[in-house]
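Asker: Questions regarding the structure given below will be posed in turn.
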Amino acid sequence: MIFVRSNLKQFNSKITYFLIIITSLLLSFPRSIVAQESVKNQDKKICGSSLNREIETILNQPIRQKENWGILIESTKEKQVLYQLNSHKFFIPASNTKLFPTAAILHKRGENFTINTPIYIEKKPHENSSIQTLIIEGKGDPTLSKKQLETIAQILKEKGIKEVNNVILIEGFLSSPSTNYTWEFEDIYFYFAVPVNSLILEENTVNLTLNHHKINEQPFLVWSDELAGKQWSIESQVYSRDSLAEYNITILPLFARSSLEIKGDFPLDKTATIWRLSIPNPAQYFQESLVKILNEHDIKVNKSEIIENIKDFNKIEIKKQLLLEINSPNLAELIKITNQDSNNLYAEVLLKYLADESMNQWESLDKIMTNFGVSKDDYKLKDGSGLSRHNLMTPSALVTLLQAINNSEYRETFYNSLSIASENGTLKNRFQNTNLAHNLHGKTGTLTGVASLSGYLKNQDYGDLIFAIMVNQSTDTSPNLRSSIDQIVILLGQMKKC
């Protein structure tokens with residue numbers, strides 16, 4: 001409307017004015033309306049024989065034709081392929097990758113497996129108020145928080161401990177490296193690409209908040225945790241402006257340093273801006289947080305150290321005794337957080353837990369996938385979360401895996417780990433007010449130019465459907481890609497035998 005008003009004086013014809021309004025509306029017409037129309041037509045039924053034509057109508061839109069699409073849809077009831085497109089070609093799967101480590105670890109460890117973090121003490125002879133050593137053996141539990149550290153301090157205090165001579169933290173349980181070398185440089189500074197180490201605290205994340213200050217002065221930068229925040233160097237070129245200014249703040253990582261540059265204008269009518277960042281050195285953060293909490297409970301710490309290798313620690317002669325063991329939620333809950341919330345840290349930890357004395361994580365994954373019937377030729381993975389753009393997977397690999405899990409003893413546990421349409425996780429806001437709501441259990445995936453969705457869908461005539469849909473090499477927005485995927489999945493809910 002701004003365009004129309006600014007040009008009204010140039011047009012005297014009411015017809016011309018009307019055409020300008022129509023043209024302006026058409027140009028701004030959001031593609032998401034297409035998805036809304038699909039929702040409105042959800043009661044429409046299509047014959048199974050028409051599925052090919054209906055899907056091709058969606059994919060034959062000009063913008064869709066420039067992209068690469070891979071689709072496979074199967075019926076478990078009749079074990080037939082209902083639709084396939086490039087089902088044996090490689091695609092970047094994004095977070096659909098998480099289905100591989102979560103299915104594999106469930107198969108290997110069982111749904112009741114937990115990650116246990118042991119805490120030991122070494123007492124001083126004839127001393128009741130002090131201990132020689134406090135030892136925490138990090139096992140990569142991604143659920144550890146300061147609440148658990150408070151528990152350790154409280155137990156020590158209840159035992160009358162007022163001094164710890166040395167705190168030893170053992171860091172090297174999980175395999176290296178802690179940061180995947182195939183991840184994008186700009187990603188590793190943010191909460192979705194944190195280091196994956198053995199001493200994890202608060203998911204290795206910290207919040208940075210930008211709060212208003214006076215006009216033409218720099219806003220306040222506030223860390224949710226000062227110990228984590230001090231690991232960052234911030235170069236701020238942001239200034240508070242009046243409400244008429246444009247909000248244009250950007251945050252940029254500075255290469256090869258734990259430094260960020262923030263620049264732009266911050267209008268006064270905008271609310272505080274919060275960034276979730278990774279913690280560059282999470283083991284140090286764990287160490288400093290523990291010492292601080294012990295001090296707050298009036299327990300003096302004389303020295304603390306981090307040992308990178310458990311073998312080095314085992315060489316030290318310490319008469320340790322178990323103080324307590326902190327247990328993570330069971331694996332059923334861990335994979336639910338991984339898949340429903342698409343938590344990258346959890347996925348990477350679970351991948352590392354596939355390793356054992358005889359095999360590394362990748363060898364173990366390949367062996368389990370072979371048992372599931374998934375060919376090694378159908379996937380090439382570089383991480384467990386899907387953040388890497390070096391991951392490759394075929395739609396066939398995903399559907400084969402989902403079929404295998406569907407026929408396994410862990411069917412219900414895995415099924416419940418997936419997001420439910422219009423109910424929870426990353427599908428909470430999708431397929432609302434459609435007959436797919438609560439009937440679709442799936443895993444989403446999103447990277448720039450990449451979108452995916454796979455899972456299970458109940459169909460009245462065809463029974464349980466298993467599907468995998470991936471799109472790559474797109475210049476369109478993520479909401480628009482998801483909209484096109486959703487249109488295809490809505491067709492599956494409309495399909496009937498006729």
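Each chain of the structure tokens is named A, B, ... in the order shown, its residues numbered from 1; ligands are numbered from 1 in display order.
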Contacts of Phe91 in chain A at 8 Å or less, counting only C-alpha atoms, minus same-chain residues fewer than 4 places along, as JSON, numbers by chain?
Answerer: {"A": [70, 392, 393, 394, 395, 470, 471, 472]}
Asker: Give me the residues within 7 Å of range 446-461 of chain A as a PyMOL selection string, counting only C-alpha atoms and dropping any in the same chain fewer than 4 places off.
Answerer: chain A and resi 93-96+439-442+465-476+478+481-482+493+496-497
Asker: Could those selected residues go to a file with N, CA, C and O atoms, as an mmCIF file, in the first residue's frame?
Answerer:
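The resulting file, again.cif, is reproduced below:
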```
data_model
loop_
_atom_site.group_PDB
_atom_site.id
_atom_site.type_symbol
_atom_site.label_atom_id
_atom_site.label_comp_id
_atom_site.auth_asym_id
_atom_site.auth_seq_id
_atom_site.Cartn_x
_atom_site.Cartn_y
_atom_site.Cartn_z
ATOM 1 N N PRO A 93 20.637 -34.946 3.955
ATOM 2 C CA PRO A 93 19.403 -35.221 4.707
ATOM 3 C C PRO A 93 19.074 -34.233 5.814
ATOM 4 O O PRO A 93 17.999 -34.296 6.399
ATOM 5 N N ALA A 94 20.024 -33.327 6.150
ATOM 6 C CA ALA A 94 19.862 -32.435 7.314
ATOM 7 C C ALA A 94 19.564 -33.289 8.546
ATOM 8 O O ALA A 94 20.155 -34.357 8.714
ATOM 9 N N SER A 95 18.629 -32.881 9.386
ATOM 10 C CA SER A 95 18.425 -33.563 10.670
ATOM 11 C C SER A 95 17.723 -34.915 10.563
ATOM 12 O O SER A 95 17.546 -35.599 11.577
ATOM 13 N N ASN A 96 17.324 -35.330 9.362
ATOM 14 C CA ASN A 96 16.860 -36.714 9.212
ATOM 15 C C ASN A 96 17.993 -37.687 9.514
ATOM 16 O O ASN A 96 17.762 -38.867 9.793
ATOM 17 N N ASN A 439 -1.797 -37.967 13.718
ATOM 18 C CA ASN A 439 -1.678 -39.224 12.962
ATOM 19 C C ASN A 439 -0.334 -39.355 12.263
ATOM 20 O O ASN A 439 -0.038 -40.406 11.681
ATOM 21 N N LEU A 440 0.461 -38.303 12.304
ATOM 22 C CA LEU A 440 1.770 -38.309 11.650
ATOM 23 C C LEU A 440 2.869 -38.236 12.704
ATOM 24 O O LEU A 440 2.889 -37.321 13.528
ATOM 25 N N HIS A 441 3.751 -39.211 12.708
ATOM 26 C CA HIS A 441 4.950 -39.197 13.550
ATOM 27 C C HIS A 441 6.149 -39.062 12.618
ATOM 28 O O HIS A 441 6.360 -39.930 11.756
ATOM 29 N N GLY A 442 6.936 -37.994 12.780
ATOM 30 C CA GLY A 442 8.000 -37.775 11.807
ATOM 31 C C GLY A 442 9.216 -37.066 12.354
ATOM 32 O O GLY A 442 9.238 -36.581 13.486
ATOM 33 N N LEU A 465 1.635 -45.802 6.477
ATOM 34 C CA LEU A 465 2.532 -45.426 5.379
ATOM 35 C C LEU A 465 3.875 -45.015 5.973
ATOM 36 O O LEU A 465 3.936 -44.389 7.028
ATOM 37 N N ILE A 466 4.941 -45.387 5.297
ATOM 38 C CA ILE A 466 6.286 -44.936 5.658
ATOM 39 C C ILE A 466 6.810 -44.123 4.490
ATOM 40 O O ILE A 466 6.731 -44.561 3.342
ATOM 41 N N PHE A 467 7.344 -42.945 4.786
ATOM 42 C CA PHE A 467 7.757 -42.065 3.697
ATOM 43 C C PHE A 467 9.036 -41.316 4.046
ATOM 44 O O PHE A 467 9.389 -41.147 5.215
ATOM 45 N N ALA A 468 9.734 -40.889 3.018
ATOM 46 C CA ALA A 468 10.894 -40.007 3.147
ATOM 47 C C ALA A 468 10.843 -39.013 2.003
ATOM 48 O O ALA A 468 10.712 -39.409 0.833
ATOM 49 N N ILE A 469 10.921 -37.729 2.341
ATOM 50 C CA ILE A 469 10.898 -36.660 1.344
ATOM 51 C C ILE A 469 12.083 -35.736 1.614
ATOM 52 O O ILE A 469 12.242 -35.250 2.740
ATOM 53 N N MET A 470 12.910 -35.509 0.602
ATOM 54 C CA MET A 470 14.057 -34.607 0.745
ATOM 55 C C MET A 470 14.153 -33.693 -0.468
ATOM 56 O O MET A 470 13.917 -34.126 -1.597
ATOM 57 N N VAL A 471 14.497 -32.442 -0.215
ATOM 58 C CA VAL A 471 14.739 -31.489 -1.292
ATOM 59 C C VAL A 471 16.081 -30.812 -1.036
ATOM 60 O O VAL A 471 16.388 -30.422 0.085
ATOM 61 N N ASN A 472 16.890 -30.710 -2.075
ATOM 62 C CA ASN A 472 18.225 -30.090 -2.019
ATOM 63 C C ASN A 472 18.382 -29.052 -3.127
ATOM 64 O O ASN A 472 17.573 -28.977 -4.047
ATOM 65 N N GLN A 473 19.420 -28.268 -2.976
ATOM 66 C CA GLN A 473 19.836 -27.283 -3.988
ATOM 67 C C GLN A 473 18.710 -26.316 -4.335
ATOM 68 O O GLN A 473 18.408 -26.073 -5.495
ATOM 69 N N SER A 474 18.120 -25.765 -3.301
ATOM 70 C CA SER A 474 17.043 -24.797 -3.498
ATOM 71 C C SER A 474 17.516 -23.401 -3.118
ATOM 72 O O SER A 474 18.342 -23.234 -2.217
ATOM 73 N N THR A 475 16.971 -22.406 -3.793
ATOM 74 C CA THR A 475 17.211 -21.010 -3.428
ATOM 75 C C THR A 475 16.007 -20.426 -2.700
ATOM 76 O O THR A 475 16.014 -19.260 -2.312
ATOM 77 N N ASP A 476 14.969 -21.249 -2.509
ATOM 78 C CA ASP A 476 13.757 -20.788 -1.853
ATOM 79 C C ASP A 476 13.943 -20.790 -0.336
ATOM 80 O O ASP A 476 14.880 -21.375 0.202
ATOM 81 N N SER A 478 13.155 -21.626 3.668
ATOM 82 C CA SER A 478 12.805 -22.854 4.389
ATOM 83 C C SER A 478 11.299 -22.989 4.606
ATOM 84 O O SER A 478 10.754 -24.090 4.411
ATOM 85 N N LEU A 481 9.818 -24.285 1.396
ATOM 86 C CA LEU A 481 10.167 -25.685 1.135
ATOM 87 C C LEU A 481 9.323 -26.607 2.012
ATOM 88 O O LEU A 481 8.813 -27.634 1.541
ATOM 89 N N ARG A 482 9.191 -26.244 3.274
ATOM 90 C CA ARG A 482 8.363 -27.051 4.165
ATOM 91 C C ARG A 482 6.909 -27.066 3.696
ATOM 92 O O ARG A 482 6.217 -28.084 3.806
ATOM 93 N N GLY A 493 -2.623 -38.233 3.270
ATOM 94 C CA GLY A 493 -3.751 -38.338 4.185
ATOM 95 C C GLY A 493 -5.090 -38.351 3.462
ATOM 96 O O GLY A 493 -6.083 -38.880 3.964
ATOM 97 N N LYS A 496 -7.236 -42.533 -0.956
ATOM 98 C CA LYS A 496 -8.123 -43.667 -0.681
ATOM 99 C C LYS A 496 -8.137 -44.618 -1.879
ATOM 100 O O LYS A 496 -7.668 -44.294 -2.980
ATOM 101 N N LYS A 497 -8.609 -45.806 -1.623
ATOM 102 C CA LYS A 497 -8.729 -46.784 -2.709
ATOM 103 C C LYS A 497 -10.040 -46.556 -3.447
ATOM 104 O O LYS A 497 -11.094 -46.435 -2.848
#
```
Asker: Can you tell me which residues surround Leu254 in chain A at a distance of at most 10 Å, considering only C-alpha atoms, apart from same-chain residues fewer than 4 positions away, and format the answer as a PyMOL selection string?
Answerer: chain A and resi 185-186+189+233-235+258-261
Asker: I'd like a table as a Markdown table: residues in range 93-202 of chain A with an atom no more than 8 Å from range 407-429 of chain A, each row giving the shortest atom pair and its distance in Å to one decimal, only C-alpha atoms counted, sorted by chain and rising residue number.
Answerer:
```
| residue | atom | partner | partner_atom | distance |
| --- | --- | --- | --- | --- |
| A:Ala103 | CA | A:Phe414 | CA | 7.1 |
| A:Leu106 | CA | A:Tyr410 | CA | 7.5 |
| A:His107 | CA | A:Tyr410 | CA | 7.6 |
| A:Glu111 | CA | A:Thr413 | CA | 7.4 |
```
Asker: Given the selection you just returned, output its residues as a file containing all heavy atoms, formatted as a tab-separated table (two decimals), in the first residue's frame.
Answerer:
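New file out-v5.tsv:
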```tsv
chain	number	residue	atom	x	y	z
A	103	ALA	N	18.28	-44.79	16.22
A	103	ALA	CA	17.84	-46.17	16.01
A	103	ALA	C	18.95	-47.15	16.38
A	103	ALA	O	18.70	-48.18	17.01
A	103	ALA	CB	17.44	-46.37	14.55
A	106	LEU	N	19.57	-47.38	20.25
A	106	LEU	CA	18.45	-48.10	20.87
A	106	LEU	C	18.62	-49.60	20.67
A	106	LEU	O	18.40	-50.40	21.58
A	106	LEU	CB	17.14	-47.61	20.26
A	106	LEU	CG	15.84	-48.09	20.90
A	106	LEU	CD1	15.77	-47.70	22.37
A	106	LEU	CD2	14.64	-47.52	20.14
A	107	HIS	N	19.03	-49.97	19.46
A	107	HIS	CA	19.26	-51.39	19.16
A	107	HIS	C	20.44	-51.93	19.97
A	107	HIS	O	20.39	-53.07	20.45
A	107	HIS	CB	19.55	-51.54	17.65
A	107	HIS	CG	19.94	-52.92	17.24
A	107	HIS	ND1	19.02	-53.93	17.02
A	107	HIS	CD2	21.16	-53.48	17.01
A	107	HIS	CE1	19.65	-55.03	16.68
A	107	HIS	NE2	20.95	-54.79	16.65
A	111	GLU	N	16.44	-49.57	25.67
A	111	GLU	CA	15.75	-48.33	26.05
A	111	GLU	C	16.00	-47.90	27.49
A	111	GLU	O	15.77	-46.74	27.83
A	111	GLU	CB	14.24	-48.50	25.82
A	111	GLU	CG	13.60	-49.58	26.65
A	111	GLU	CD	12.13	-49.77	26.31
A	111	GLU	OE1	11.72	-49.35	25.22
A	111	GLU	OE2	11.41	-50.33	27.15
```
Asker: Report as a list in words: the residues of range 149-237 of chain A with a DSSP assignment of helix (DSSP H, G or I), based on the backbone of this structure.
Answerer: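 The helix (DSSP H, G or I) subset of range 149-237 of chain A is Leu149, Glu150, Thr151, Ile152, Ala153, Gln154, Ile155, Leu156, Lys157, Glu158, Asp187, Ile188, Tyr189, Tyr191, Phe192, Ala193, Glu202, Glu203, Asn204, Glu226, Leu227, Ala228 and Gly229 of chain A.
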Asker: Can those selected residues be exported to a file as a compact mmCIF listing (two decimals), in the first residue's frame so that it contains N, CA and C atoms?
Answerer:
```
# COMPACT_ATOMS: atom_id res chain seq x y z
N LEU A 149 25.55 -30.13 40.10
CA LEU A 149 26.73 -29.66 40.83
C LEU A 149 26.35 -29.17 42.22
N GLU A 150 25.19 -28.55 42.33
CA GLU A 150 24.69 -28.13 43.63
C GLU A 150 24.46 -29.35 44.52
N THR A 151 24.00 -30.45 43.95
CA THR A 151 23.77 -31.68 44.71
C THR A 151 25.08 -32.21 45.28
N ILE A 152 26.13 -32.20 44.46
CA ILE A 152 27.44 -32.65 44.92
C ILE A 152 27.90 -31.81 46.12
N ALA A 153 27.79 -30.50 45.98
CA ALA A 153 28.22 -29.60 47.05
C ALA A 153 27.40 -29.81 48.32
N GLN A 154 26.10 -30.01 48.17
CA GLN A 154 25.23 -30.19 49.32
C GLN A 154 25.56 -31.47 50.08
N ILE A 155 25.85 -32.56 49.33
CA ILE A 155 26.21 -33.83 49.98
C ILE A 155 27.51 -33.68 50.77
N LEU A 156 28.48 -32.99 50.16
CA LEU A 156 29.75 -32.77 50.86
C LEU A 156 29.54 -31.94 52.12
N LYS A 157 28.71 -30.93 52.00
CA LYS A 157 28.46 -30.05 53.16
C LYS A 157 27.77 -30.83 54.28
N GLU A 158 26.83 -31.70 53.91
CA GLU A 158 26.13 -32.51 54.91
C GLU A 158 27.08 -33.48 55.61
N ASP A 187 28.70 -21.84 11.91
CA ASP A 187 27.79 -22.57 12.79
C ASP A 187 28.38 -22.82 14.17
N ILE A 188 29.68 -23.06 14.24
CA ILE A 188 30.27 -23.57 15.47
C ILE A 188 30.31 -22.55 16.61
N TYR A 189 29.84 -21.35 16.36
CA TYR A 189 29.79 -20.34 17.41
C TYR A 189 28.42 -20.31 18.11
N TYR A 191 24.52 -22.20 19.47
CA TYR A 191 24.03 -23.26 20.36
C TYR A 191 23.79 -24.59 19.66
N PHE A 192 23.53 -24.57 18.36
CA PHE A 192 23.22 -25.81 17.66
C PHE A 192 24.47 -26.54 17.18
N ALA A 193 25.66 -25.99 17.45
CA ALA A 193 26.90 -26.64 17.02
C ALA A 193 27.95 -26.56 18.12
N GLU A 202 25.06 -27.59 31.19
CA GLU A 202 24.07 -26.67 30.61
C GLU A 202 24.09 -26.73 29.08
N GLU A 203 24.27 -27.95 28.57
CA GLU A 203 24.31 -28.22 27.12
C GLU A 203 25.37 -27.38 26.40
N ASN A 204 26.37 -26.94 27.15
CA ASN A 204 27.50 -26.17 26.59
C ASN A 204 27.03 -24.90 25.88
N GLU A 226 28.25 -15.48 33.68
CA GLU A 226 29.48 -14.71 33.50
C GLU A 226 30.70 -15.61 33.27
N LEU A 227 30.73 -16.78 33.91
CA LEU A 227 31.87 -17.68 33.72
C LEU A 227 31.97 -18.15 32.28
N ALA A 228 30.84 -18.41 31.67
CA ALA A 228 30.84 -18.80 30.26
C ALA A 228 31.09 -17.59 29.37
N GLY A 229 30.47 -16.48 29.73
CA GLY A 229 30.59 -15.28 28.91
C GLY A 229 32.00 -14.75 28.80
```
Asker: Tell me which of A:Pro118, A:Tyr83, A:Glu308, A:Asn339 sits closest to Glu54 in chain A, counting only C-alpha atoms.
Answerer: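 Closest to Glu54 in chain A of all the choices is A:Tyr83.
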Asker: Taking the backbone alone, and naming residues the way the document does, which bits of range 185-372 of chain A are strand (DSSP E or B) by DSSP, as a JSON list (two decimals) with N, CA and C atoms, in the first residue's frame?
Answerer:
```
[["chain", "number", "residue", "atom", "x", "y", "z"],
["A", 190, "PHE", "N", 27.48, -21.10, 17.60],
["A", 190, "PHE", "CA", 26.11, -21.00, 18.10],
["A", 190, "PHE", "C", 25.65, -22.28, 18.78],
["A", 205, "THR", "N", 25.98, -24.29, 26.40],
["A", 205, "THR", "CA", 25.45, -23.08, 25.78],
["A", 205, "THR", "C", 25.37, -21.94, 26.80],
["A", 206, "VAL", "N", 25.39, -20.72, 26.28],
["A", 206, "VAL", "CA", 25.24, -19.53, 27.11],
["A", 206, "VAL", "C", 24.46, -18.50, 26.30],
["A", 207, "ASN", "N", 23.63, -17.71, 26.98],
["A", 207, "ASN", "CA", 22.83, -16.69, 26.30],
["A", 207, "ASN", "C", 23.48, -15.31, 26.44],
["A", 208, "LEU", "N", 23.48, -14.60, 25.33],
["A", 208, "LEU", "CA", 23.93, -13.21, 25.30],
["A", 208, "LEU", "C", 22.74, -12.33, 24.96],
["A", 209, "THR", "N", 22.43, -11.39, 25.86],
["A", 209, "THR", "CA", 21.27, -10.52, 25.67],
["A", 209, "THR", "C", 21.72, -9.09, 25.43],
["A", 210, "LEU", "N", 21.08, -8.45, 24.46],
["A", 210, "LEU", "CA", 21.34, -7.05, 24.13],
["A", 210, "LEU", "C", 20.19, -6.23, 24.70],
["A", 211, "ASN", "N", 20.50, -5.37, 25.68],
["A", 211, "ASN", "CA", 19.48, -4.53, 26.31],
["A", 211, "ASN", "C", 19.69, -3.06, 25.93],
["A", 220, "PHE", "N", 23.56, -2.40, 26.50],
["A", 220, "PHE", "CA", 24.23, -3.27, 27.46],
["A", 220, "PHE", "C", 24.27, -4.71, 26.93],
["A", 221, "LEU", "N", 25.40, -5.36, 27.12],
["A", 221, "LEU", "CA", 25.53, -6.78, 26.80],
["A", 221, "LEU", "C", 25.49, -7.56, 28.11],
["A", 222, "VAL", "N", 24.56, -8.50, 28.23],
["A", 222, "VAL", "CA", 24.38, -9.24, 29.48],
["A", 222, "VAL", "C", 24.48, -10.74, 29.19],
["A", 223, "TRP", "N", 25.36, -11.41, 29.94],
["A", 223, "TRP", "CA", 25.52, -12.86, 29.80],
["A", 223, "TRP", "C", 24.63, -13.58, 30.81],
["A", 233, "SER", "N", 35.16, -12.85, 23.45],
["A", 233, "SER", "CA", 35.55, -11.46, 23.24],
["A", 233, "SER", "C", 34.53, -10.85, 22.28],
["A", 234, "ILE", "N", 33.89, -9.77, 22.70],
["A", 234, "ILE", "CA", 32.84, -9.14, 21.89],
["A", 234, "ILE", "C", 33.30, -7.78, 21.38],
["A", 235, "GLU", "N", 33.22, -7.61, 20.09],
["A", 235, "GLU", "CA", 33.49, -6.31, 19.48],
["A", 235, "GLU", "C", 32.15, -5.73, 19.03],
["A", 236, "SER", "N", 31.64, -4.79, 19.80],
["A", 236, "SER", "CA", 30.30, -4.27, 19.55],
["A", 236, "SER", "C", 30.34, -2.94, 18.82],
["A", 237, "GLN", "N", 29.57, -2.89, 17.72],
["A", 237, "GLN", "CA", 29.38, -1.64, 17.00],
["A", 237, "GLN", "C", 27.88, -1.35, 16.87],
["A", 238, "VAL", "N", 27.15, -1.76, 17.92],
["A", 238, "VAL", "CA", 25.70, -1.55, 17.94],
["A", 238, "VAL", "C", 25.39, -0.29, 18.73],
["A", 239, "TYR", "N", 24.42, 0.48, 18.24],
["A", 239, "TYR", "CA", 24.00, 1.70, 18.94],
["A", 239, "TYR", "C", 22.48, 1.74, 19.05],
["A", 240, "SER", "N", 22.01, 2.21, 20.20],
["A", 240, "SER", "CA", 20.58, 2.42, 20.38],
["A", 240, "SER", "C", 20.15, 3.62, 19.55],
["A", 241, "ARG", "N", 19.05, 3.44, 18.84],
["A", 241, "ARG", "CA", 18.51, 4.52, 18.00],
["A", 241, "ARG", "C", 17.05, 4.75, 18.38],
["A", 250, "THR", "N", 23.42, -7.50, 13.14],
["A", 250, "THR", "CA", 24.01, -8.77, 12.71],
["A", 250, "THR", "C", 25.08, -9.18, 13.70],
["A", 251, "ILE", "N", 25.26, -10.49, 13.84],
["A", 251, "ILE", "CA", 26.31, -11.03, 14.70],
["A", 251, "ILE", "C", 27.19, -11.93, 13.86],
["A", 252, "LEU", "N", 28.48, -11.63, 13.86],
["A", 252, "LEU", "CA", 29.41, -12.32, 12.97],
["A", 252, "LEU", "C", 30.58, -12.89, 13.75],
["A", 253, "PRO", "N", 30.93, -14.15, 13.51],
["A", 253, "PRO", "CA", 32.13, -14.71, 14.15],
["A", 253, "PRO", "C", 33.39, -14.18, 13.48],
["A", 254, "LEU", "N", 34.43, -14.01, 14.27],
["A", 254, "LEU", "CA", 35.73, -13.59, 13.74],
["A", 254, "LEU", "C", 36.62, -14.81, 13.64],
["A", 259, "SER", "N", 35.77, -14.92, 19.26],
["A", 259, "SER", "CA", 35.39, -13.51, 19.18],
["A", 259, "SER", "C", 34.18, -13.35, 18.28],
["A", 260, "LEU", "N", 33.35, -12.39, 18.64],
["A", 260, "LEU", "CA", 32.18, -12.07, 17.84],
["A", 260, "LEU", "C", 32.12, -10.58, 17.60],
["A", 261, "GLU", "N", 31.67, -10.21, 16.43],
["A", 261, "GLU", "CA", 31.44, -8.80, 16.10],
["A", 261, "GLU", "C", 29.94, -8.59, 15.97],
["A", 262, "ILE", "N", 29.41, -7.64, 16.71],
["A", 262, "ILE", "CA", 27.99, -7.30, 16.62],
["A", 262, "ILE", "C", 27.89, -5.87, 16.13],
["A", 263, "LYS", "N", 27.11, -5.69, 15.09],
["A", 263, "LYS", "CA", 26.98, -4.33, 14.55],
["A", 263, "LYS", "C", 25.56, -4.08, 14.07],
["A", 264, "GLY", "N", 25.20, -2.79, 14.00],
["A", 264, "GLY", "CA", 23.88, -2.42, 13.52],
["A", 264, "GLY", "C", 23.20, -1.42, 14.42],
["A", 265, "ASP", "N", 21.95, -1.12, 14.11],
["A", 265, "ASP", "CA", 21.15, -0.17, 14.87],
["A", 265, "ASP", "C", 20.06, -0.91, 15.63],
["A", 266, "PHE", "N", 19.77, -0.43, 16.85],
["A", 266, "PHE", "CA", 18.85, -1.09, 17.76],
["A", 266, "PHE", "C", 17.76, -0.11, 18.16],
["A", 267, "PRO", "N", 16.63, -0.08, 17.42],
["A", 267, "PRO", "CA", 15.55, 0.87, 17.73],
["A", 267, "PRO", "C", 14.98, 0.64, 19.13],
["A", 273, "THR", "N", 17.25, -8.37, 22.49],
["A", 273, "THR", "CA", 17.66, -9.42, 21.55],
["A", 273, "THR", "C", 18.52, -10.43, 22.29],
["A", 274, "ILE", "N", 18.20, -11.71, 22.11],
["A", 274, "ILE", "CA", 18.94, -12.78, 22.79],
["A", 274, "ILE", "C", 19.56, -13.72, 21.75],
["A", 275, "TRP", "N", 20.86, -13.97, 21.91],
["A", 275, "TRP", "CA", 21.54, -14.97, 21.08],
["A", 275, "TRP", "C", 21.97, -16.14, 21.96],
["A", 276, "ARG", "N", 21.72, -17.35, 21.50],
["A", 276, "ARG", "CA", 22.21, -18.54, 22.19],
["A", 276, "ARG", "C", 23.53, -18.95, 21.54],
["A", 277, "LEU", "N", 24.58, -18.94, 22.31],
["A", 277, "LEU", "CA", 25.92, -19.19, 21.79],
["A", 277, "LEU", "C", 26.50, -20.47, 22.38],
["A", 278, "SER", "N", 27.48, -21.01, 21.70],
["A", 278, "SER", "CA", 28.22, -22.15, 22.26],
["A", 278, "SER", "C", 29.26, -21.64, 23.25],
["A", 300, "LYS", "N", 36.11, -24.81, 50.72],
["A", 300, "LYS", "CA", 37.30, -24.23, 50.11],
["A", 300, "LYS", "C", 37.95, -25.24, 49.17],
["A", 301, "VAL", "N", 38.36, -24.78, 47.99],
["A", 301, "VAL", "CA", 39.07, -25.63, 47.02],
["A", 301, "VAL", "C", 40.48, -25.06, 46.84],
["A", 304, "SER", "N", 42.48, -27.20, 41.40],
["A", 304, "SER", "CA", 41.64, -28.00, 40.50],
["A", 304, "SER", "C", 42.38, -28.21, 39.19],
["A", 305, "GLU", "N", 42.12, -29.35, 38.56],
["A", 305, "GLU", "CA", 42.79, -29.66, 37.29],
["A", 305, "GLU", "C", 41.89, -30.53, 36.41],
["A", 306, "ILE", "N", 42.16, -30.45, 35.11],
["A", 306, "ILE", "CA", 41.44, -31.26, 34.14],
["A", 306, "ILE", "C", 42.43, -32.25, 33.54],
["A", 307, "ILE", "N", 42.10, -33.53, 33.59],
["A", 307, "ILE", "CA", 42.93, -34.58, 32.98],
["A", 307, "ILE", "C", 42.24, -35.04, 31.71],
["A", 321, "GLN", "N", 36.86, -43.59, 46.84],
["A", 321, "GLN", "CA", 35.60, -44.26, 47.16],
["A", 321, "GLN", "C", 34.47, -43.49, 46.52],
["A", 322, "LEU", "N", 33.43, -44.21, 46.12],
["A", 322, "LEU", "CA", 32.32, -43.59, 45.41],
["A", 322, "LEU", "C", 31.51, -42.71, 46.35],
["A", 323, "LEU", "N", 31.34, -41.45, 45.97],
["A", 323, "LEU", "CA", 30.49, -40.53, 46.72],
["A", 323, "LEU", "C", 29.04, -40.64, 46.26],
["A", 324, "LEU", "N", 28.86, -40.53, 44.96],
["A", 324, "LEU", "CA", 27.54, -40.71, 44.36],
["A", 324, "LEU", "C", 27.70, -40.92, 42.86],
["A", 325, "GLU", "N", 26.63, -41.30, 42.21],
["A", 325, "GLU", "CA", 26.62, -41.45, 40.76],
["A", 325, "GLU", "C", 25.42, -40.69, 40.22],
["A", 326, "ILE", "N", 25.67, -39.83, 39.27],
["A", 326, "ILE", "CA", 24.59, -39.06, 38.65],
["A", 326, "ILE", "C", 24.17, -39.78, 37.38],
["A", 327, "ASN", "N", 22.91, -40.12, 37.29],
["A", 327, "ASN", "CA", 22.40, -40.86, 36.14],
["A", 327, "ASN", "C", 21.54, -39.97, 35.25]]
```
Asker: Nearest to Met369 in chain A: which of A:Thr102, A:Asn433, A:Ser50, A:Thr444 is it, counting only C-alpha atoms?
Answerer: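 Of all the options, A:Thr102 lies closest to Met369 in chain A.
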